[in-house]
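Next comes entry_22.pdb, with PDB, C-alpha atoms, pLDDT in the B column.
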```pdb
ATOM      1  CA  MET A  25       3.040   8.187  49.246  1.00 80.00           C
ATOM      2  CA  PRO A  26       6.513   7.019  50.359  1.00 92.00           C
ATOM      3  CA  ARG A  27       7.925   3.659  49.362  1.00 95.00           C
ATOM      4  CA  ASN A  28       6.902   0.658  51.460  1.00 95.00           C
ATOM      5  CA  ASP A  29       3.903   2.480  52.944  1.00 95.00           C
ATOM      6  CA  LEU A  30       1.592  -0.209  54.330  1.00 90.00           C
ATOM      7  CA  LYS A  31      -1.461   1.924  53.542  1.00 93.00           C
ATOM      8  CA  GLN A  32      -1.095   0.734  49.961  1.00 95.00           C
ATOM      9  CA  TYR A  33      -2.343  -2.695  50.966  1.00 96.00           C
ATOM     10  CA  ASP A  34      -5.531  -1.193  52.384  1.00 96.00           C
ATOM     11  CA  GLU A  35      -6.096   0.785  49.202  1.00 95.00           C
ATOM     12  CA  LEU A  36      -5.375  -2.186  46.916  1.00 96.00           C
ATOM     13  CA  ALA A  37      -7.244  -4.826  48.936  1.00 96.00           C
ATOM     14  CA  ASP A  38      -9.785  -5.362  46.148  1.00 96.00           C
ATOM     15  CA  GLN A  39      -6.946  -6.473  43.863  1.00 96.00           C
ATOM     16  CA  TRP A  40      -5.857  -9.574  45.802  1.00 97.00           C
ATOM     17  CA  TRP A  41      -7.958 -12.080  43.878  1.00 97.00           C
ATOM     18  CA  GLU A  42      -7.999 -10.391  40.474  1.00 95.00           C
ATOM     19  CA  PRO A  43      -6.251 -12.783  38.012  1.00 92.00           C
ATOM     20  CA  ARG A  44      -4.864  -9.823  36.066  1.00 94.00           C
ATOM     21  CA  GLY A  45      -4.741  -7.366  38.966  1.00 94.00           C
ATOM     22  CA  ASP A  46      -1.946  -5.642  40.846  1.00 95.00           C
ATOM     23  CA  PHE A  47      -1.096  -8.770  42.875  1.00 96.00           C
ATOM     24  CA  ALA A  48      -1.217 -11.337  40.066  1.00 96.00           C
ATOM     25  CA  MET A  49       2.418 -12.365  40.501  1.00 97.00           C
ATOM     26  CA  LEU A  50       1.872 -12.939  44.224  1.00 97.00           C
ATOM     27  CA  THR A  51      -0.636 -15.643  43.295  1.00 96.00           C
ATOM     28  CA  TRP A  52       1.977 -17.304  41.093  1.00 97.00           C
ATOM     29  CA  ILE A  53       4.567 -17.114  43.887  1.00 98.00           C
ATOM     30  CA  SER A  54       2.085 -18.568  46.376  1.00 97.00           C
ATOM     31  CA  ALA A  55       1.681 -21.621  44.162  1.00 97.00           C
ATOM     32  CA  ALA A  56       5.469 -22.064  44.106  1.00 97.00           C
ATOM     33  CA  ARG A  57       5.658 -22.224  47.907  1.00 97.00           C
ATOM     34  CA  VAL A  58       3.727 -25.476  48.032  1.00 94.00           C
ATOM     35  CA  ARG A  59       6.651 -27.490  46.691  1.00 95.00           C
ATOM     36  CA  HIS A  60       8.462 -26.848  49.978  1.00 97.00           C
ATOM     37  CA  LEU A  61       5.638 -27.987  52.268  1.00 96.00           C
ATOM     38  CA  PRO A  62       6.027 -31.353  54.005  1.00 95.00           C
ATOM     39  CA  PRO A  63       3.350 -33.996  53.389  1.00 91.00           C
ATOM     40  CA  GLY A  64       0.564 -34.738  55.815  1.00 88.00           C
ATOM     41  CA  GLY A  65      -0.886 -31.366  56.705  1.00 92.00           C
ATOM     42  CA  GLY A  66      -1.100 -29.721  60.118  1.00 97.00           C
ATOM     43  CA  LEU A  67      -1.154 -26.205  61.533  1.00 98.00           C
ATOM     44  CA  LEU A  68       0.261 -23.552  59.194  1.00 98.00           C
ATOM     45  CA  LEU A  69       0.943 -19.899  59.972  1.00 98.00           C
ATOM     46  CA  ASP A  70       0.926 -17.475  57.039  1.00 98.00           C
ATOM     47  CA  MET A  71       2.880 -14.371  58.120  1.00 98.00           C
ATOM     48  CA  ALA A  72       1.616 -11.212  56.380  1.00 98.00           C
ATOM     49  CA  CYS A  73      -0.943 -13.316  54.541  1.00 98.00           C
ATOM     50  CA  GLY A  74      -2.503 -10.399  52.686  1.00 98.00           C
ATOM     51  CA  GLY A  75      -5.651 -11.573  50.944  1.00 98.00           C
ATOM     52  CA  GLY A  76      -4.904 -15.229  51.681  1.00 98.00           C
ATOM     53  CA  LEU A  77      -3.588 -16.193  48.246  1.00 98.00           C
ATOM     54  CA  LEU A  78      -1.968 -19.342  49.626  1.00 98.00           C
ATOM     55  CA  ALA A  79      -5.363 -20.824  50.571  1.00 97.00           C
ATOM     56  CA  PRO A  80      -6.244 -22.591  47.275  1.00 96.00           C
ATOM     57  CA  PHE A  81      -2.931 -24.444  47.272  1.00 95.00           C
ATOM     58  CA  LEU A  82      -3.238 -25.965  50.751  1.00 95.00           C
ATOM     59  CA  ASP A  83      -4.707 -29.428  51.182  1.00 91.00           C
ATOM     60  CA  GLY A  84      -4.994 -30.823  54.683  1.00 93.00           C
ATOM     61  CA  TRP A  85      -3.555 -27.736  56.382  1.00 97.00           C
ATOM     62  CA  THR A  86      -5.259 -25.530  58.943  1.00 98.00           C
ATOM     63  CA  HIS A  87      -4.470 -22.112  57.512  1.00 98.00           C
ATOM     64  CA  ILE A  88      -4.002 -19.241  59.972  1.00 98.00           C
ATOM     65  CA  GLY A  89      -3.038 -15.834  58.600  1.00 98.00           C
ATOM     66  CA  VAL A  90      -1.790 -12.671  60.269  1.00 98.00           C
ATOM     67  CA  ASP A  91      -1.506  -9.246  58.691  1.00 98.00           C
ATOM     68  CA  LEU A  92      -1.702  -5.566  59.643  1.00 97.00           C
ATOM     69  CA  SER A  93      -4.104  -4.686  56.828  1.00 97.00           C
ATOM     70  CA  TRP A  94      -7.660  -5.362  57.955  1.00 98.00           C
ATOM     71  CA  PRO A  95      -9.192  -4.917  54.454  1.00 98.00           C
ATOM     72  CA  SER A  96      -6.748  -7.569  53.243  1.00 98.00           C
ATOM     73  CA  LEU A  97      -7.638  -9.876  56.118  1.00 98.00           C
ATOM     74  CA  VAL A  98     -11.314  -9.590  55.203  1.00 98.00           C
ATOM     75  CA  GLN A  99     -10.393 -10.938  51.766  1.00 97.00           C
ATOM     76  CA  ALA A 100      -8.422 -13.775  53.377  1.00 98.00           C
ATOM     77  CA  ARG A 101     -11.244 -14.632  55.764  1.00 98.00           C
ATOM     78  CA  ASP A 102     -13.704 -14.767  52.875  1.00 97.00           C
ATOM     79  CA  HIS A 103     -11.455 -17.403  51.284  1.00 97.00           C
ATOM     80  CA  GLY A 104     -11.369 -19.696  54.306  1.00 97.00           C
ATOM     81  CA  VAL A 105      -8.363 -18.386  56.252  1.00 98.00           C
ATOM     82  CA  ALA A 106      -8.568 -18.039  60.046  1.00 98.00           C
ATOM     83  CA  VAL A 107      -7.260 -14.496  60.466  1.00 98.00           C
ATOM     84  CA  SER A 108      -5.693 -12.349  63.166  1.00 98.00           C
ATOM     85  CA  GLN A 109      -4.679  -8.705  62.834  1.00 98.00           C
ATOM     86  CA  ALA A 110      -1.139  -8.669  64.172  1.00 97.00           C
ATOM     87  CA  ASN A 111       2.406  -7.487  63.549  1.00 97.00           C
ATOM     88  CA  VAL A 112       4.843 -10.168  62.354  1.00 98.00           C
ATOM     89  CA  LEU A 113       7.349  -8.780  64.866  1.00 98.00           C
ATOM     90  CA  HIS A 114       4.968  -9.590  67.737  1.00 98.00           C
ATOM     91  CA  LEU A 115       3.055 -12.728  66.833  1.00 98.00           C
ATOM     92  CA  PRO A 116       0.174 -13.508  69.228  1.00 98.00           C
ATOM     93  CA  PHE A 117       1.018 -17.205  69.531  1.00 98.00           C
ATOM     94  CA  ALA A 118       2.878 -19.363  72.007  1.00 98.00           C
ATOM     95  CA  ASP A 119       6.277 -20.876  71.327  1.00 98.00           C
ATOM     96  CA  ALA A 120       6.384 -24.023  69.172  1.00 98.00           C
ATOM     97  CA  THR A 121       2.763 -23.765  68.013  1.00 98.00           C
ATOM     98  CA  PHE A 122       2.963 -24.393  64.272  1.00 98.00           C
ATOM     99  CA  ASP A 123       4.014 -27.259  62.037  1.00 98.00           C
ATOM    100  CA  VAL A 124       4.818 -24.834  59.214  1.00 98.00           C
ATOM    101  CA  VAL A 125       5.507 -21.101  59.164  1.00 98.00           C
ATOM    102  CA  VAL A 126       5.345 -19.309  55.809  1.00 98.00           C
ATOM    103  CA  ALA A 127       6.963 -15.876  55.476  1.00 98.00           C
ATOM    104  CA  GLY A 128       6.046 -15.000  51.913  1.00 97.00           C
ATOM    105  CA  GLU A 129       7.032 -11.609  50.483  1.00 97.00           C
ATOM    106  CA  ILE A 130       7.295  -9.981  53.922  1.00 98.00           C
ATOM    107  CA  LEU A 131      10.972  -9.942  54.917  1.00 98.00           C
ATOM    108  CA  GLU A 132      11.744  -7.231  52.330  1.00 98.00           C
ATOM    109  CA  HIS A 133       9.138  -4.987  53.981  1.00 98.00           C
ATOM    110  CA  VAL A 134      10.235  -5.099  57.632  1.00 98.00           C
ATOM    111  CA  GLU A 135      12.822  -2.800  59.174  1.00 96.00           C
ATOM    112  CA  ASP A 136      13.741  -5.413  61.784  1.00 98.00           C
ATOM    113  CA  LEU A 137      14.842  -8.509  59.879  1.00 98.00           C
ATOM    114  CA  PRO A 138      16.336 -10.243  62.958  1.00 98.00           C
ATOM    115  CA  GLY A 139      13.067  -9.718  64.830  1.00 98.00           C
ATOM    116  CA  ALA A 140      10.934 -11.139  62.030  1.00 98.00           C
ATOM    117  CA  VAL A 141      13.144 -14.217  61.639  1.00 98.00           C
ATOM    118  CA  ALA A 142      13.207 -14.741  65.402  1.00 98.00           C
ATOM    119  CA  GLU A 143       9.406 -14.647  65.611  1.00 98.00           C
ATOM    120  CA  ALA A 144       8.982 -17.055  62.708  1.00 98.00           C
ATOM    121  CA  CYS A 145      11.334 -19.530  64.355  1.00 98.00           C
ATOM    122  CA  ARG A 146       9.902 -18.999  67.849  1.00 98.00           C
ATOM    123  CA  VAL A 147       6.379 -20.098  66.946  1.00 98.00           C
ATOM    124  CA  LEU A 148       7.639 -23.035  64.856  1.00 98.00           C
ATOM    125  CA  ARG A 149       7.758 -26.381  66.630  1.00 98.00           C
ATOM    126  CA  PRO A 150      10.943 -28.506  66.580  1.00 98.00           C
ATOM    127  CA  GLY A 151      10.858 -30.560  63.414  1.00 98.00           C
ATOM    128  CA  GLY A 152       8.615 -27.974  61.756  1.00 98.00           C
ATOM    129  CA  THR A 153       9.318 -26.317  58.424  1.00 98.00           C
ATOM    130  CA  VAL A 154       9.792 -22.654  57.593  1.00 98.00           C
ATOM    131  CA  VAL A 155       9.160 -21.517  54.014  1.00 98.00           C
ATOM    132  CA  LEU A 156       9.966 -18.027  52.788  1.00 98.00           C
ATOM    133  CA  ASP A 157      10.386 -15.957  49.671  1.00 98.00           C
ATOM    134  CA  THR A 158      11.820 -12.472  49.410  1.00 98.00           C
ATOM    135  CA  ILE A 159      14.113 -10.231  47.351  1.00 98.00           C
ATOM    136  CA  ALA A 160      17.900 -10.163  47.562  1.00 98.00           C
ATOM    137  CA  ARG A 161      19.752  -6.965  48.401  1.00 98.00           C
ATOM    138  CA  THR A 162      21.622  -6.816  45.107  1.00 98.00           C
ATOM    139  CA  TRP A 163      21.636  -4.580  42.036  1.00 98.00           C
ATOM    140  CA  TRP A 164      19.689  -7.303  40.224  1.00 98.00           C
ATOM    141  CA  GLY A 165      17.112  -7.469  43.013  1.00 98.00           C
ATOM    142  CA  ARG A 166      16.542  -3.729  42.706  1.00 98.00           C
ATOM    143  CA  PHE A 167      16.587  -3.734  38.895  1.00 98.00           C
ATOM    144  CA  SER A 168      14.221  -6.688  38.472  1.00 97.00           C
ATOM    145  CA  SER A 169      11.752  -5.749  41.215  1.00 97.00           C
ATOM    146  CA  ILE A 170      11.710  -1.941  40.969  1.00 97.00           C
ATOM    147  CA  THR A 171      13.388  -0.532  37.858  1.00 97.00           C
ATOM    148  CA  VAL A 172      11.738  -3.048  35.531  1.00 97.00           C
ATOM    149  CA  GLY A 173       9.266  -4.813  37.812  1.00 96.00           C
ATOM    150  CA  GLU A 174       7.165  -1.719  38.508  1.00 97.00           C
ATOM    151  CA  ARG A 175       6.777  -1.082  34.774  1.00 96.00           C
ATOM    152  CA  VAL A 176       5.575  -4.450  33.474  1.00 95.00           C
ATOM    153  CA  PRO A 177       2.179  -6.160  33.714  1.00 93.00           C
ATOM    154  CA  ALA A 178       1.810  -8.254  36.911  1.00 94.00           C
ATOM    155  CA  GLY A 179       4.887  -6.608  38.420  1.00 94.00           C
ATOM    156  CA  PRO A 180       4.676  -5.091  41.907  1.00 94.00           C
ATOM    157  CA  PRO A 181       2.654  -1.869  42.212  1.00 94.00           C
ATOM    158  CA  LYS A 182       4.705   1.314  42.096  1.00 94.00           C
ATOM    159  CA  LEU A 183       6.285   2.342  45.404  1.00 95.00           C
ATOM    160  CA  LEU A 184       5.496  -1.007  47.028  1.00 95.00           C
ATOM    161  CA  HIS A 185       9.164  -1.830  47.682  1.00 97.00           C
ATOM    162  CA  ASP A 186      12.062   0.030  49.250  1.00 97.00           C
ATOM    163  CA  HIS A 187      15.330  -1.492  48.017  1.00 97.00           C
ATOM    164  CA  ARG A 188      17.053  -0.509  51.260  1.00 97.00           C
ATOM    165  CA  LEU A 189      15.021  -3.214  53.015  1.00 98.00           C
ATOM    166  CA  PHE A 190      15.901  -5.969  50.567  1.00 98.00           C
ATOM    167  CA  VAL A 191      17.453  -8.987  52.253  1.00 98.00           C
ATOM    168  CA  ASP A 192      21.124  -9.843  52.609  1.00 98.00           C
ATOM    169  CA  ARG A 193      21.213 -13.583  51.974  1.00 98.00           C
ATOM    170  CA  ASP A 194      24.211 -14.305  54.205  1.00 98.00           C
ATOM    171  CA  GLU A 195      22.580 -12.413  57.060  1.00 98.00           C
ATOM    172  CA  LEU A 196      19.342 -14.323  56.571  1.00 98.00           C
ATOM    173  CA  LEU A 197      21.124 -17.681  56.615  1.00 98.00           C
ATOM    174  CA  ALA A 198      23.006 -16.738  59.782  1.00 98.00           C
ATOM    175  CA  LEU A 199      19.894 -15.471  61.544  1.00 98.00           C
ATOM    176  CA  ALA A 200      17.923 -18.619  60.758  1.00 98.00           C
ATOM    177  CA  ALA A 201      20.832 -20.848  61.835  1.00 98.00           C
ATOM    178  CA  SER A 202      21.035 -19.011  65.156  1.00 98.00           C
ATOM    179  CA  HIS A 203      17.462 -20.216  65.813  1.00 98.00           C
ATOM    180  CA  GLY A 204      18.130 -23.794  64.753  1.00 98.00           C
ATOM    181  CA  VAL A 205      16.951 -23.581  61.125  1.00 98.00           C
ATOM    182  CA  VAL A 206      19.356 -24.365  58.282  1.00 98.00           C
ATOM    183  CA  LEU A 207      17.874 -22.772  55.185  1.00 98.00           C
ATOM    184  CA  ARG A 208      18.282 -23.996  51.613  1.00 98.00           C
ATOM    185  CA  LEU A 209      17.913 -21.230  49.054  1.00 98.00           C
ATOM    186  CA  ASN A 210      16.891 -21.226  45.415  1.00 98.00           C
ATOM    187  CA  GLY A 211      16.079 -18.467  42.991  1.00 98.00           C
ATOM    188  CA  LEU A 212      12.657 -18.001  41.461  1.00 98.00           C
ATOM    189  CA  ARG A 213      11.565 -16.580  38.116  1.00 98.00           C
ATOM    190  CA  PRO A 214       8.448 -16.680  35.954  1.00 98.00           C
ATOM    191  CA  SER A 215       8.306 -18.993  32.964  1.00 98.00           C
ATOM    192  CA  PHE A 216       8.907 -16.664  30.025  1.00 97.00           C
ATOM    193  CA  ILE A 217       6.612 -18.658  27.737  1.00 98.00           C
ATOM    194  CA  ASP A 218       3.844 -18.725  30.339  1.00 98.00           C
ATOM    195  CA  TYR A 219       4.238 -15.004  30.915  1.00 97.00           C
ATOM    196  CA  LEU A 220       3.917 -14.174  27.221  1.00 97.00           C
ATOM    197  CA  LEU A 221       0.817 -16.360  26.964  1.00 97.00           C
ATOM    198  CA  TRP A 222      -0.635 -14.731  30.073  1.00 97.00           C
ATOM    199  CA  TRP A 223       0.126 -11.291  28.646  1.00 96.00           C
ATOM    200  CA  VAL A 224      -1.887 -12.003  25.495  1.00 96.00           C
ATOM    201  CA  GLY A 225      -4.717 -13.594  27.466  1.00 95.00           C
ATOM    202  CA  ARG A 226      -4.081 -17.243  26.631  1.00 96.00           C
ATOM    203  CA  ARG A 227      -3.131 -18.347  30.163  1.00 96.00           C
ATOM    204  CA  SER A 228      -4.741 -17.569  33.506  1.00 94.00           C
ATOM    205  CA  SER A 229      -1.538 -17.976  35.530  1.00 95.00           C
ATOM    206  CA  VAL A 230       2.222 -18.286  35.199  1.00 98.00           C
ATOM    207  CA  ARG A 231       4.522 -20.952  36.617  1.00 98.00           C
ATOM    208  CA  MET A 232       7.336 -19.709  38.834  1.00 98.00           C
ATOM    209  CA  LEU A 233      10.428 -21.794  38.143  1.00 98.00           C
ATOM    210  CA  PRO A 234      13.331 -22.507  40.514  1.00 98.00           C
ATOM    211  CA  THR A 235      16.752 -21.207  39.466  1.00 98.00           C
ATOM    212  CA  ARG A 236      20.302 -21.528  40.763  1.00 97.00           C
ATOM    213  CA  SER A 237      20.829 -17.790  41.056  1.00 98.00           C
ATOM    214  CA  THR A 238      19.379 -16.225  44.218  1.00 98.00           C
ATOM    215  CA  ALA A 239      20.385 -12.679  43.240  1.00 98.00           C
ATOM    216  CA  GLY A 240      16.815 -11.505  42.685  1.00 98.00           C
ATOM    217  CA  LEU A 241      13.608 -13.092  43.910  1.00 98.00           C
ATOM    218  CA  PHE A 242      14.479 -16.171  45.956  1.00 98.00           C
ATOM    219  CA  GLN A 243      12.981 -18.828  48.193  1.00 98.00           C
ATOM    220  CA  GLY A 244      14.223 -20.465  51.350  1.00 98.00           C
ATOM    221  CA  ALA A 245      13.120 -23.557  53.248  1.00 98.00           C
ATOM    222  CA  GLY A 246      14.446 -25.368  56.291  1.00 98.00           C
ATOM    223  CA  VAL A 247      13.519 -27.560  59.269  1.00 98.00           C
ATOM    224  CA  LYS A 248      13.878 -26.453  62.880  1.00 98.00           C
ATOM    225  CA  ALA A 249      16.199 -28.637  64.906  1.00 98.00           C
TER     226      ALA A 249
END
```
Step by step, read the file and then write its structure as structure tokens.
Amino acid sequence: MPRNDLKQYDELADQWWEPRGDFAMLTWISAARVRHLPPGGGLLLDMACGGGLLAPFLDGWTHIGVDLSWPSLVQARDHGVAVSQANVLHLPFADATFDVVVAGEILEHVEDLPGAVAEACRVLRPGGTVVLDTIARTWWGRFSSITVGERVPAGPPKLLHDHRLFVDRDELLALAASHGVVLRLNGLRPSFIDYLLWWVGRRSSVRMLPTRSTAGLFQGAGVKA
């Protein structure tokens, strides 16, 4: 199977909600997104929602998820997400529909980064918030997510990522700004102590901590003008 083959998500769909499964770190990252959400709730779009791992961390939000993997969407639906099978490059929603758009761990999988950013911003209402996390196109991004990441517990499954699609941070900032969104970036890493405790079975999850360096896994958040 080639790298970044979307069929992997169909084959691994039963792993979404396994605490020690192939997508364990995605649960930890989902929890870290919540710190960027505005208060009050509203209508939230989860681009490439997978199994709906963001659902337990949302309070007061109407959670709508889109994804290409139907087996993954079944998992999301079973956890309370309103789902739609759709491509993030062609979202089936009108302009300015959502109060929040989350693009979690998807931008490093699309071949059309400008198109994905444009769609996220198009369906976001003025004053709405976009939240994203992805992997930087750097040697550290490749080393941490592929060279090492694919060989450690809770790291991404083998062949899931193609480093050639990792995201240029300056390009991302410029693309978002062209659609009226000024992004603020921060890095993200697991708590080493939490990870060791999780590894030996003494913790059920791991905190993802913000960092100054955005050279590997990083987050972005901004408000649409």
Extract, using only C-alpha atoms, all DNA, RNA and protein residues at most 12 Å from segment 74-78 of chain A, discarding same-chain residues fewer than 5 positions from it, and format them as a ChimeraX atom specification.
-> /A:30,32-34,36-43,47-58,61,68-69,83,85-110,126-130
Got a sec to check which residues sit within 9 Å of (0.1, -32.7, 61.2), counting only C-alpha atoms, and write them as a PyMOL selection string?
-> chain A and resi 63-67+84-85+123
Output C-alpha atoms for every residue in that selection, as a PDB file, in the coordinates of the input.
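Contents of selection.pdb, freshly written:
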```pdb
ATOM      1  CA  PRO A  63       3.350 -33.996  53.389  1.00 91.00           C
ATOM      2  CA  GLY A  64       0.564 -34.738  55.815  1.00 88.00           C
ATOM      3  CA  GLY A  65      -0.886 -31.366  56.705  1.00 92.00           C
ATOM      4  CA  GLY A  66      -1.100 -29.721  60.118  1.00 97.00           C
ATOM      5  CA  LEU A  67      -1.154 -26.205  61.533  1.00 98.00           C
ATOM      6  CA  GLY A  84      -4.994 -30.823  54.683  1.00 93.00           C
ATOM      7  CA  TRP A  85      -3.555 -27.736  56.382  1.00 97.00           C
ATOM      8  CA  ASP A 123       4.014 -27.259  62.037  1.00 98.00           C
TER       9      ASP A 123
END
```
Report as lines of an AutoDock Vina configuration file the centre and the edge lengths, in Å to one decimal, of the axis-aligned box holding every listed atom of segment 121-140 of chain A, padded by 8 Å on each side.
```
center_x = 9.5
center_y = -15.0
center_z = 59.2
size_x = 29.6
size_y = 40.5
size_z = 33.5
```
Which residues are near Phe216 of chain A? Cut-off 10 Å, all atoms listed in the file, ignore same chain within fewer than 2 positions. Put them as a tab-separated table (two decimals) with C-alpha atoms, in the frame of the given file.
```tsv
chain	number	residue	atom	x	y	z
A	213	ARG	CA	11.56	-16.58	38.12
A	214	PRO	CA	8.45	-16.68	35.95
A	218	ASP	CA	3.84	-18.73	30.34
A	219	TYR	CA	4.24	-15.00	30.92
A	220	LEU	CA	3.92	-14.17	27.22
A	221	LEU	CA	0.82	-16.36	26.96
A	222	TRP	CA	-0.64	-14.73	30.07
A	230	VAL	CA	2.22	-18.29	35.20
A	231	ARG	CA	4.52	-20.95	36.62
A	232	MET	CA	7.34	-19.71	38.83
A	233	LEU	CA	10.43	-21.79	38.14
```
Any chance you could resolve the PyMOL selection byres ((chain A and resi 170) around 9) against this file and give the residues as a list in words?
->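 Evaluating the PyMOL selection byres ((chain A and resi 170) around 9) on this file yields Gly165, Arg166, Phe167, Ser168, Ser169, Thr171, Val172, Gly173, Glu174, Arg175, Gly179, Pro180, Lys182, Leu183, Leu184, His185, Asp186 and His187 of chain A.
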Spatial neighbours of Leu197 of chain A, max dist 12 Å, all atoms listed in the file, sep filter under 2 positions, as an MDAnalysis selection string | chainID A and resid 137:138 141 156 191:195 199:209 243:246
Please indicate the distance in Å from atom CA of Thr162 of chain A to atom CA of Asp136 of chain A, rounded to one decimal place.
->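 Between these atoms lies a distance of 18.5 Å.
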Within 6 Å of Phe190 of chain A, counting all atoms listed in the file, which residues show up once you throw out same-chain ones fewer than 4 positions away? Write them as a list in words, please.
-> Glu132, Ile159, Ala160 and Arg161 of chain A
Measure the distance from atom CA of His133 of chain A to atom CA of Val176 of chain A in Å and round it to one decimal.
->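 The value is 20.8 Å.
Residues matched by the PyMOL selection byres ((chain A and resi 249) around 6) in this file: Pro150, Gly151, Gly204 and Lys248 of chain A.
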Hey, which of A:Pro62, A:Cys73, A:Phe122, A:Trp164 ends up closest to Gly240 of chain A? Count all atoms listed in the file.
-> A:Trp164
Interatomic distance, atom CA of His114 of chain A to atom CA of Ala140 of chain A (Å, one decimal) | 8.4 Å
Residues matched by the PyMOL selection byres ((chain A and resi 115) around 9), written as a list in words =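 Output of the PyMOL selection byres ((chain A and resi 115) around 9): Met71, Val90, Ala110, Asn111, Val112, Leu113, His114, Pro116, Phe117, Ala118, Glu143, Ala144 and Val147 of chain A.
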Taking into account only C-alpha atoms, which residue in the set A:Gly225, A:Pro26, A:Pro181, A:Gly211 is nearest to Asp46 of chain A?
->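 Counting only C-alpha atoms, the residue closest to Asp46 of chain A is A:Pro181.
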Which one is closest to Cys145 of chain A: A:Val224, A:Leu241, A:Val124, A:Ile217? Count all atoms listed in the file.
-> A:Val124
With N, CA and C atoms as the target, complete segment 170-188 of chain A and hand it back as a short mmCIF file (atom, residue, chain, number, x, y, z; two decimals), in the coordinates of the input.
```cif
data_model
loop_
_atom_site.label_atom_id
_atom_site.label_comp_id
_atom_site.auth_asym_id
_atom_site.auth_seq_id
_atom_site.Cartn_x
_atom_site.Cartn_y
_atom_site.Cartn_z
N ILE A 170 12.12 -3.35 40.94
CA ILE A 170 11.71 -1.94 40.97
C ILE A 170 11.88 -1.29 39.60
N THR A 171 13.12 -1.24 39.11
CA THR A 171 13.39 -0.53 37.86
C THR A 171 12.55 -1.08 36.72
N VAL A 172 12.54 -2.40 36.57
CA VAL A 172 11.74 -3.05 35.53
C VAL A 172 10.41 -3.54 36.09
N GLY A 173 10.46 -4.17 37.26
CA GLY A 173 9.27 -4.81 37.81
C GLY A 173 8.06 -3.90 37.92
N GLU A 174 8.28 -2.64 38.31
CA GLU A 174 7.16 -1.72 38.51
C GLU A 174 6.60 -1.19 37.19
N ARG A 175 7.20 -1.60 36.08
CA ARG A 175 6.78 -1.08 34.77
C ARG A 175 6.21 -2.16 33.85
N VAL A 176 6.09 -3.38 34.33
CA VAL A 176 5.58 -4.45 33.47
C VAL A 176 4.28 -5.00 34.05
N PRO A 177 3.41 -5.55 33.22
CA PRO A 177 2.18 -6.16 33.71
C PRO A 177 2.47 -7.27 34.73
N ALA A 178 1.70 -7.28 35.82
CA ALA A 178 1.81 -8.25 36.91
C ALA A 178 2.99 -7.98 37.82
N GLY A 179 3.81 -6.98 37.51
CA GLY A 179 4.89 -6.61 38.42
C GLY A 179 4.33 -5.94 39.66
N PRO A 180 5.17 -5.72 40.68
CA PRO A 180 4.68 -5.09 41.91
C PRO A 180 4.17 -3.68 41.64
N PRO A 181 3.13 -3.25 42.35
CA PRO A 181 2.65 -1.87 42.21
C PRO A 181 3.77 -0.87 42.51
N LYS A 182 3.69 0.29 41.88
CA LYS A 182 4.70 1.31 42.10
C LYS A 182 4.77 1.72 43.57
N LEU A 183 5.98 1.90 44.04
CA LEU A 183 6.28 2.34 45.40
C LEU A 183 6.07 1.27 46.46
N LEU A 184 5.75 0.04 46.04
CA LEU A 184 5.50 -1.01 47.03
C LEU A 184 6.76 -1.41 47.78
N HIS A 185 7.91 -1.37 47.08
CA HIS A 185 9.16 -1.83 47.68
C HIS A 185 10.13 -0.67 47.93
N ASP A 186 10.93 -0.85 48.96
CA ASP A 186 12.06 0.03 49.25
C ASP A 186 13.31 -0.84 49.19
N HIS A 187 14.18 -0.60 48.22
CA HIS A 187 15.33 -1.49 48.02
C HIS A 187 16.26 -1.54 49.22
N ARG A 188 16.19 -0.52 50.08
CA ARG A 188 17.05 -0.51 51.26
C ARG A 188 16.67 -1.60 52.27
#
```
